[in-house]
$ cat target_11.txt   # compact mmCIF, C-alpha atoms
# COMPACT_ATOMS: atom_id res chain seq x y z
CA MET A 96 4.60 -10.52 2.78
CA ASP A 97 7.25 -8.69 0.77
CA ILE A 98 6.22 -6.09 -1.80
CA VAL A 99 8.07 -4.69 -4.81
CA TYR A 100 6.56 -1.62 -6.47
CA ARG A 101 7.76 -0.73 -9.97
CA MET A 102 6.58 2.18 -12.10
CA PHE A 103 7.07 2.17 -15.88
CA ASP A 104 6.92 5.23 -18.17
CA THR A 105 4.51 3.51 -20.56
CA TYR A 106 2.10 0.58 -20.67
CA THR A 107 4.63 -1.54 -22.54
CA GLY A 108 7.85 -0.32 -20.87
CA THR A 109 10.30 -2.98 -19.66
CA GLU A 110 12.78 -0.85 -17.66
CA PRO A 111 11.23 0.63 -14.49
CA ALA A 112 11.49 4.40 -14.06
CA MET A 113 11.35 3.78 -10.31
CA GLN A 114 11.39 0.78 -8.00
CA MET A 115 10.71 0.49 -4.27
CA LYS A 116 10.63 -2.45 -1.88
CA GLY A 117 8.62 -2.89 1.26
CA TYR A 118 6.60 -5.34 3.30
CA PHE A 119 3.21 -5.93 4.89
CA HIS A 120 2.87 -7.89 8.15
CA LYS A 121 -0.26 -8.80 10.06
CA ARG A 122 -0.46 -10.01 13.67
CA GLU A 123 -3.56 -10.43 15.87
CA GLY A 124 -5.64 -7.97 13.87
CA ALA A 125 -2.88 -5.34 13.68
CA ILE A 126 -1.06 -4.34 10.50
CA HIS A 127 2.50 -3.06 10.13
CA SER A 128 3.73 -2.06 6.69
CA VAL A 129 6.54 -0.17 5.01
CA LEU A 130 6.24 0.96 1.41
CA MET A 131 7.50 3.98 -0.54
CA GLY A 132 9.06 5.57 2.57
CA ILE A 133 5.80 5.35 4.51
CA GLU A 134 5.59 3.16 7.63
CA THR A 135 2.14 2.34 9.01
CA LEU A 136 0.92 0.66 12.18
CA GLN A 137 -2.80 0.06 12.49
CA ASN A 138 -4.98 -1.77 14.98
CA ASP A 139 -8.69 -1.60 15.80
CA GLN A 140 -8.30 1.69 17.73
CA TYR A 141 -5.97 3.88 15.68
CA LYS A 142 -3.62 4.19 12.75
CA ILE A 143 -0.11 5.67 12.98
CA VAL A 144 1.45 6.76 9.69
CA MET A 145 5.11 7.78 9.58
CA ASP A 146 6.71 9.53 6.65
CA ASN A 147 10.31 8.65 7.42
CA THR A 148 11.65 10.82 4.59
CA ASN A 149 9.97 14.04 5.78
CA LYS A 150 10.01 13.02 9.48
CA THR A 151 6.27 13.39 10.00
CA MET A 152 3.97 11.21 12.14
CA LEU A 153 0.19 11.17 11.81
CA LEU A 154 -2.21 9.67 14.35
CA THR A 155 -5.70 9.03 13.01
CA ALA A 156 -8.68 6.69 13.23
CA PRO A 157 -8.19 3.25 11.65
CA ASP A 158 -9.09 2.71 8.02
CA SER A 159 -11.59 -0.14 7.99
CA LEU A 160 -10.75 -1.19 4.43
CA SER A 161 -7.02 -1.54 5.00
CA LYS A 162 -7.75 -3.97 7.85
CA LYS A 163 -9.07 -6.35 5.20
CA SER A 164 -6.92 -5.48 2.17
CA THR A 165 -3.34 -6.66 1.95
CA SER A 166 -2.75 -5.66 -1.66
CA GLY A 167 -2.35 -1.94 -1.05
CA VAL A 168 -4.94 -1.28 -3.79
CA ASN A 169 -8.67 -0.90 -3.25
CA ILE A 170 -9.82 -3.83 -5.41
CA GLN A 171 -13.37 -3.72 -3.98
CA GLN A 172 -13.79 -0.11 -5.12
CA ALA A 173 -12.34 -0.99 -8.52
CA LEU A 174 -14.96 -3.72 -8.97
CA THR A 175 -17.79 -1.19 -8.49
CA VAL A 176 -16.67 0.83 -11.54
CA CYS A 177 -15.47 -2.07 -13.66
CA THR A 178 -17.18 -2.35 -17.07
CA THR A 179 -15.65 -5.59 -18.36
CA VAL A 180 -13.71 -8.54 -16.93
CA GLN A 181 -11.60 -10.95 -18.96
CA TYR A 182 -10.30 -14.20 -17.51
CA LEU A 183 -7.12 -15.92 -18.67
CA GLU A 184 -5.73 -19.16 -17.33
CA LYS A 185 -2.06 -20.03 -17.68
CA GLU A 186 -0.10 -23.00 -16.37
CA GLN A 187 1.06 -21.36 -13.11
CA GLU A 188 -1.48 -18.55 -12.66
CA LYS A 189 -4.94 -17.17 -13.28
CA ILE A 190 -5.32 -13.58 -14.54
CA TYR A 191 -8.36 -11.35 -14.19
CA LYS A 192 -8.22 -8.29 -16.45
CA LEU A 193 -10.54 -5.51 -15.25
CA PHE A 194 -11.44 -2.62 -17.57
CA PHE A 195 -12.93 0.61 -16.21
CA LYS A 196 -15.22 3.51 -17.03
CA LYS A 197 -13.59 6.68 -18.33
CA GLY A 198 -12.65 8.97 -15.47
CA PHE A 199 -11.47 6.23 -13.10
CA GLU A 200 -7.84 6.27 -11.92
CA TYR A 201 -6.98 3.23 -14.06
CA ASN A 202 -7.95 2.14 -17.57
CA GLU A 203 -7.13 -1.46 -16.68
CA MET A 204 -6.07 -3.58 -13.71
CA ASP A 205 -4.64 -7.07 -14.14
CA ILE A 206 -4.81 -9.33 -11.10
CA HIS A 207 -2.39 -12.29 -11.26
CA ILE A 208 -3.32 -15.12 -8.88
CA ALA A 209 -0.88 -17.92 -8.11
CA GLY A 210 -2.26 -21.24 -9.36
CA LYS A 211 -1.44 -23.35 -6.30
CA SER A 212 -1.84 -20.96 -3.34
CA PHE A 213 -4.55 -18.68 -4.83
CA PHE A 214 -2.75 -15.66 -3.32
CA ILE A 215 -2.45 -12.48 -5.37
CA ARG A 216 1.00 -12.69 -6.94
CA GLN A 217 0.99 -9.40 -8.85
CA LEU A 218 -1.13 -6.39 -9.76
CA ASP A 219 -0.61 -4.45 -12.99
CA LEU A 220 -2.18 -0.98 -12.93
CA PHE A 221 -2.60 0.91 -16.21
CA PHE A 222 -3.16 4.56 -15.29
CA GLU A 223 -5.63 6.70 -17.21
CA ALA A 224 -3.86 10.07 -16.96
CA PRO A 225 -0.62 10.69 -18.87
CA VAL A 226 2.29 11.98 -16.73
CA ASN A 227 5.98 12.66 -16.98
CA LEU A 228 7.64 10.41 -14.41
CA LYS A 229 10.88 12.40 -14.60
CA GLY A 230 9.05 15.41 -13.12
CA GLU A 231 9.67 17.60 -16.17
CA LYS A 232 6.90 20.19 -16.53
CA GLU A 233 7.43 20.60 -20.26
CA GLY A 234 8.64 17.07 -21.03
CA PRO A 235 6.69 14.41 -22.94
CA LYS A 236 3.88 12.67 -21.09
CA ALA A 237 2.69 9.08 -21.37
CA LYS A 238 0.27 6.84 -19.53
CA PRO A 239 2.32 4.90 -16.95
CA ARG A 240 1.96 1.36 -15.71
CA ALA A 241 2.60 0.22 -12.13
CA GLU A 242 3.53 -3.34 -11.25
CA ILE A 243 3.11 -4.45 -7.63
CA SER A 244 4.57 -7.89 -6.88
CA TYR A 245 3.95 -9.90 -3.72
CA SER A 246 6.18 -12.67 -2.39
CA ASN A 247 6.80 -14.62 0.82
CA VAL A 248 3.08 -14.63 1.55
CA LYS A 249 2.42 -16.50 4.79
CA LYS A 250 -0.75 -17.43 6.59
CA LYS A 251 0.94 -17.22 10.00
CA PRO A 252 1.65 -13.83 11.66
CA GLY A 253 4.79 -12.10 10.47
CA GLY A 254 7.10 -9.34 11.58
CA LYS A 255 8.87 -8.61 14.84
CA PRO A 256 6.54 -8.24 17.87
CA ALA A 257 8.12 -4.85 18.70
CA ASP A 258 6.87 -3.51 15.35
CA PHE A 259 3.32 -3.89 16.68
CA TYR A 260 3.85 -2.19 20.08
CA THR A 261 2.40 1.31 20.33
CA ALA A 262 5.26 2.31 22.65
CA THR A 263 7.70 1.78 19.77
CA TYR A 264 6.12 4.78 18.03
CA MET A 265 4.24 6.85 20.62
CA THR A 266 4.14 7.72 24.28
CA LEU A 267 1.90 9.83 26.49
CA GLN A 268 3.14 13.25 27.58
CA ASN A 269 0.77 15.13 29.90
CA LYS A 270 -1.97 12.65 28.88
CA GLN A 271 -1.45 13.53 25.21
CA PRO A 272 0.04 11.23 22.54
CA ALA A 273 3.49 12.23 21.26
CA PRO A 274 6.31 10.54 19.31
CA SER A 275 8.46 8.08 21.27
CA LYS A 276 12.21 8.68 21.80
CA LYS A 277 12.92 6.71 18.64
CA TYR A 278 10.88 9.26 16.64
CA ALA A 279 11.81 12.39 18.61
CA GLY A 280 12.04 15.34 16.25
CA TYR A 281 9.22 14.10 14.02
CA LYS A 282 6.44 16.60 13.35
CA PHE A 283 3.37 15.09 15.06
CA LEU A 284 -0.16 15.51 13.69
CA ASN A 285 -2.99 14.25 15.90
CA GLN A 286 -6.25 13.87 13.98
CA THR A 287 -8.05 12.11 16.79
CA ILE A 288 -9.91 13.42 19.83
CA ASN A 289 -9.63 10.55 22.27
CA VAL A 290 -7.19 7.73 21.68
CA SER A 291 -6.36 5.24 24.37
CA LEU A 292 -2.84 3.93 23.93
CA LYS A 293 -2.02 0.32 24.76

$ encode --input "target_11.txt" --output "structure tokens"
Amino acid sequence: MDIVYRMFDTYTGTEPAMQMKGYFHKREGAIHSVLMGIETLQNDQYKIVMDNTNKTMLLTAPDSLSKKSTSGVNIQQALTVCTTVQYLEKEQEKIYKLFFKKGFEYNEMDIHIAGKSFFIRQLDLFFEAPVNLKGEKEGPKAKPRAEISYSNVKKKPGGKPADFYTATYMTLQNKQPAPSKKYAGYKFLNQTINVSLK
């Protein structure tokens, strides 16, 4: 599945302040994704997160939710704090508009579902807190909107097999996990006690 992440300065903005592309692949219970400069490999034993911009690799226990979620957003958590749901039906899609309690990360989340496949086609996230997306401390702030679009959704496994091999990312040195040759020079953070590498 391909992902495009766009952030807009305001709820009604039409020109994105930033745009990033990535993907999410699943194969035999493992997940490999790249989004916003972060590459992640996860299986039932561990999760490897690589910040390719800052050259940092993190080894940690797997996140049980992200094994199930392919949207990149915790929709189940959002439903627990949702106060109202509106349903709209259009010719090619169904839209669920979720509204939230004050204090939640978003004021609103719109879930666009493709009419024929019933896959999530797009998420619109309306953030609660105003920010300045240009990073100006004294500049004007507004409540931003994120748009996450999903395409090329397939039921069959995707991605190159090598993307799912632990050896692509890590190796054992003196019985301890360390970055592979491909990632030599990355700062390595091990937040696990015992990890068996396949």

$ atom_distance --input "target_11.txt" --atom1 "CA of Met265 in chain A" --atom2 "CA of Thr148 in chain A"
18.1 Å

$ residues_around --input "target_11.txt" --residues "Lys277 in chain A" --least-positions-apart "3" --cutoff "10 Å" --atoms "only C-alpha atoms" --output "list in words"
Ala262, Thr263, Tyr264, Met265, Pro274, Gly280 and Tyr281 of chain A

$ atom_distance --input "target_11.txt" --atom1 "CA of Leu174 in chain A" --atom2 "CA of Arg101 in chain A"
22.9 Å

$ residues_around --input "target_11.txt" --residues "Tyr191 in chain A" --least-positions-apart "4" --cutoff "8 Å" --atoms "only C-alpha atoms" --output "PyMOL selection string"
chain A and resi 180-183+205-207

$ write_last_selection --input "target_11.txt" --atoms "C-alpha atoms" --output "PDB file, in the coordinates of the input"
ATOM      1  CA  VAL A 180     -13.710  -8.540 -16.930  1.00  0.00           C
ATOM      2  CA  GLN A 181     -11.600 -10.950 -18.960  1.00  0.00           C
ATOM      3  CA  TYR A 182     -10.300 -14.200 -17.510  1.00  0.00           C
ATOM      4  CA  LEU A 183      -7.120 -15.920 -18.670  1.00  0.00           C
ATOM      5  CA  ASP A 205      -4.640  -7.070 -14.140  1.00  0.00           C
ATOM      6  CA  ILE A 206      -4.810  -9.330 -11.100  1.00  0.00           C
ATOM      7  CA  HIS A 207      -2.390 -12.290 -11.260  1.00  0.00           C
TER       8      HIS A 207
END

$ atom_distance --input "target_11.txt" --atom1 "CA of Lys255 in chain A" --atom2 "CA of Met145 in chain A"
17.6 Å
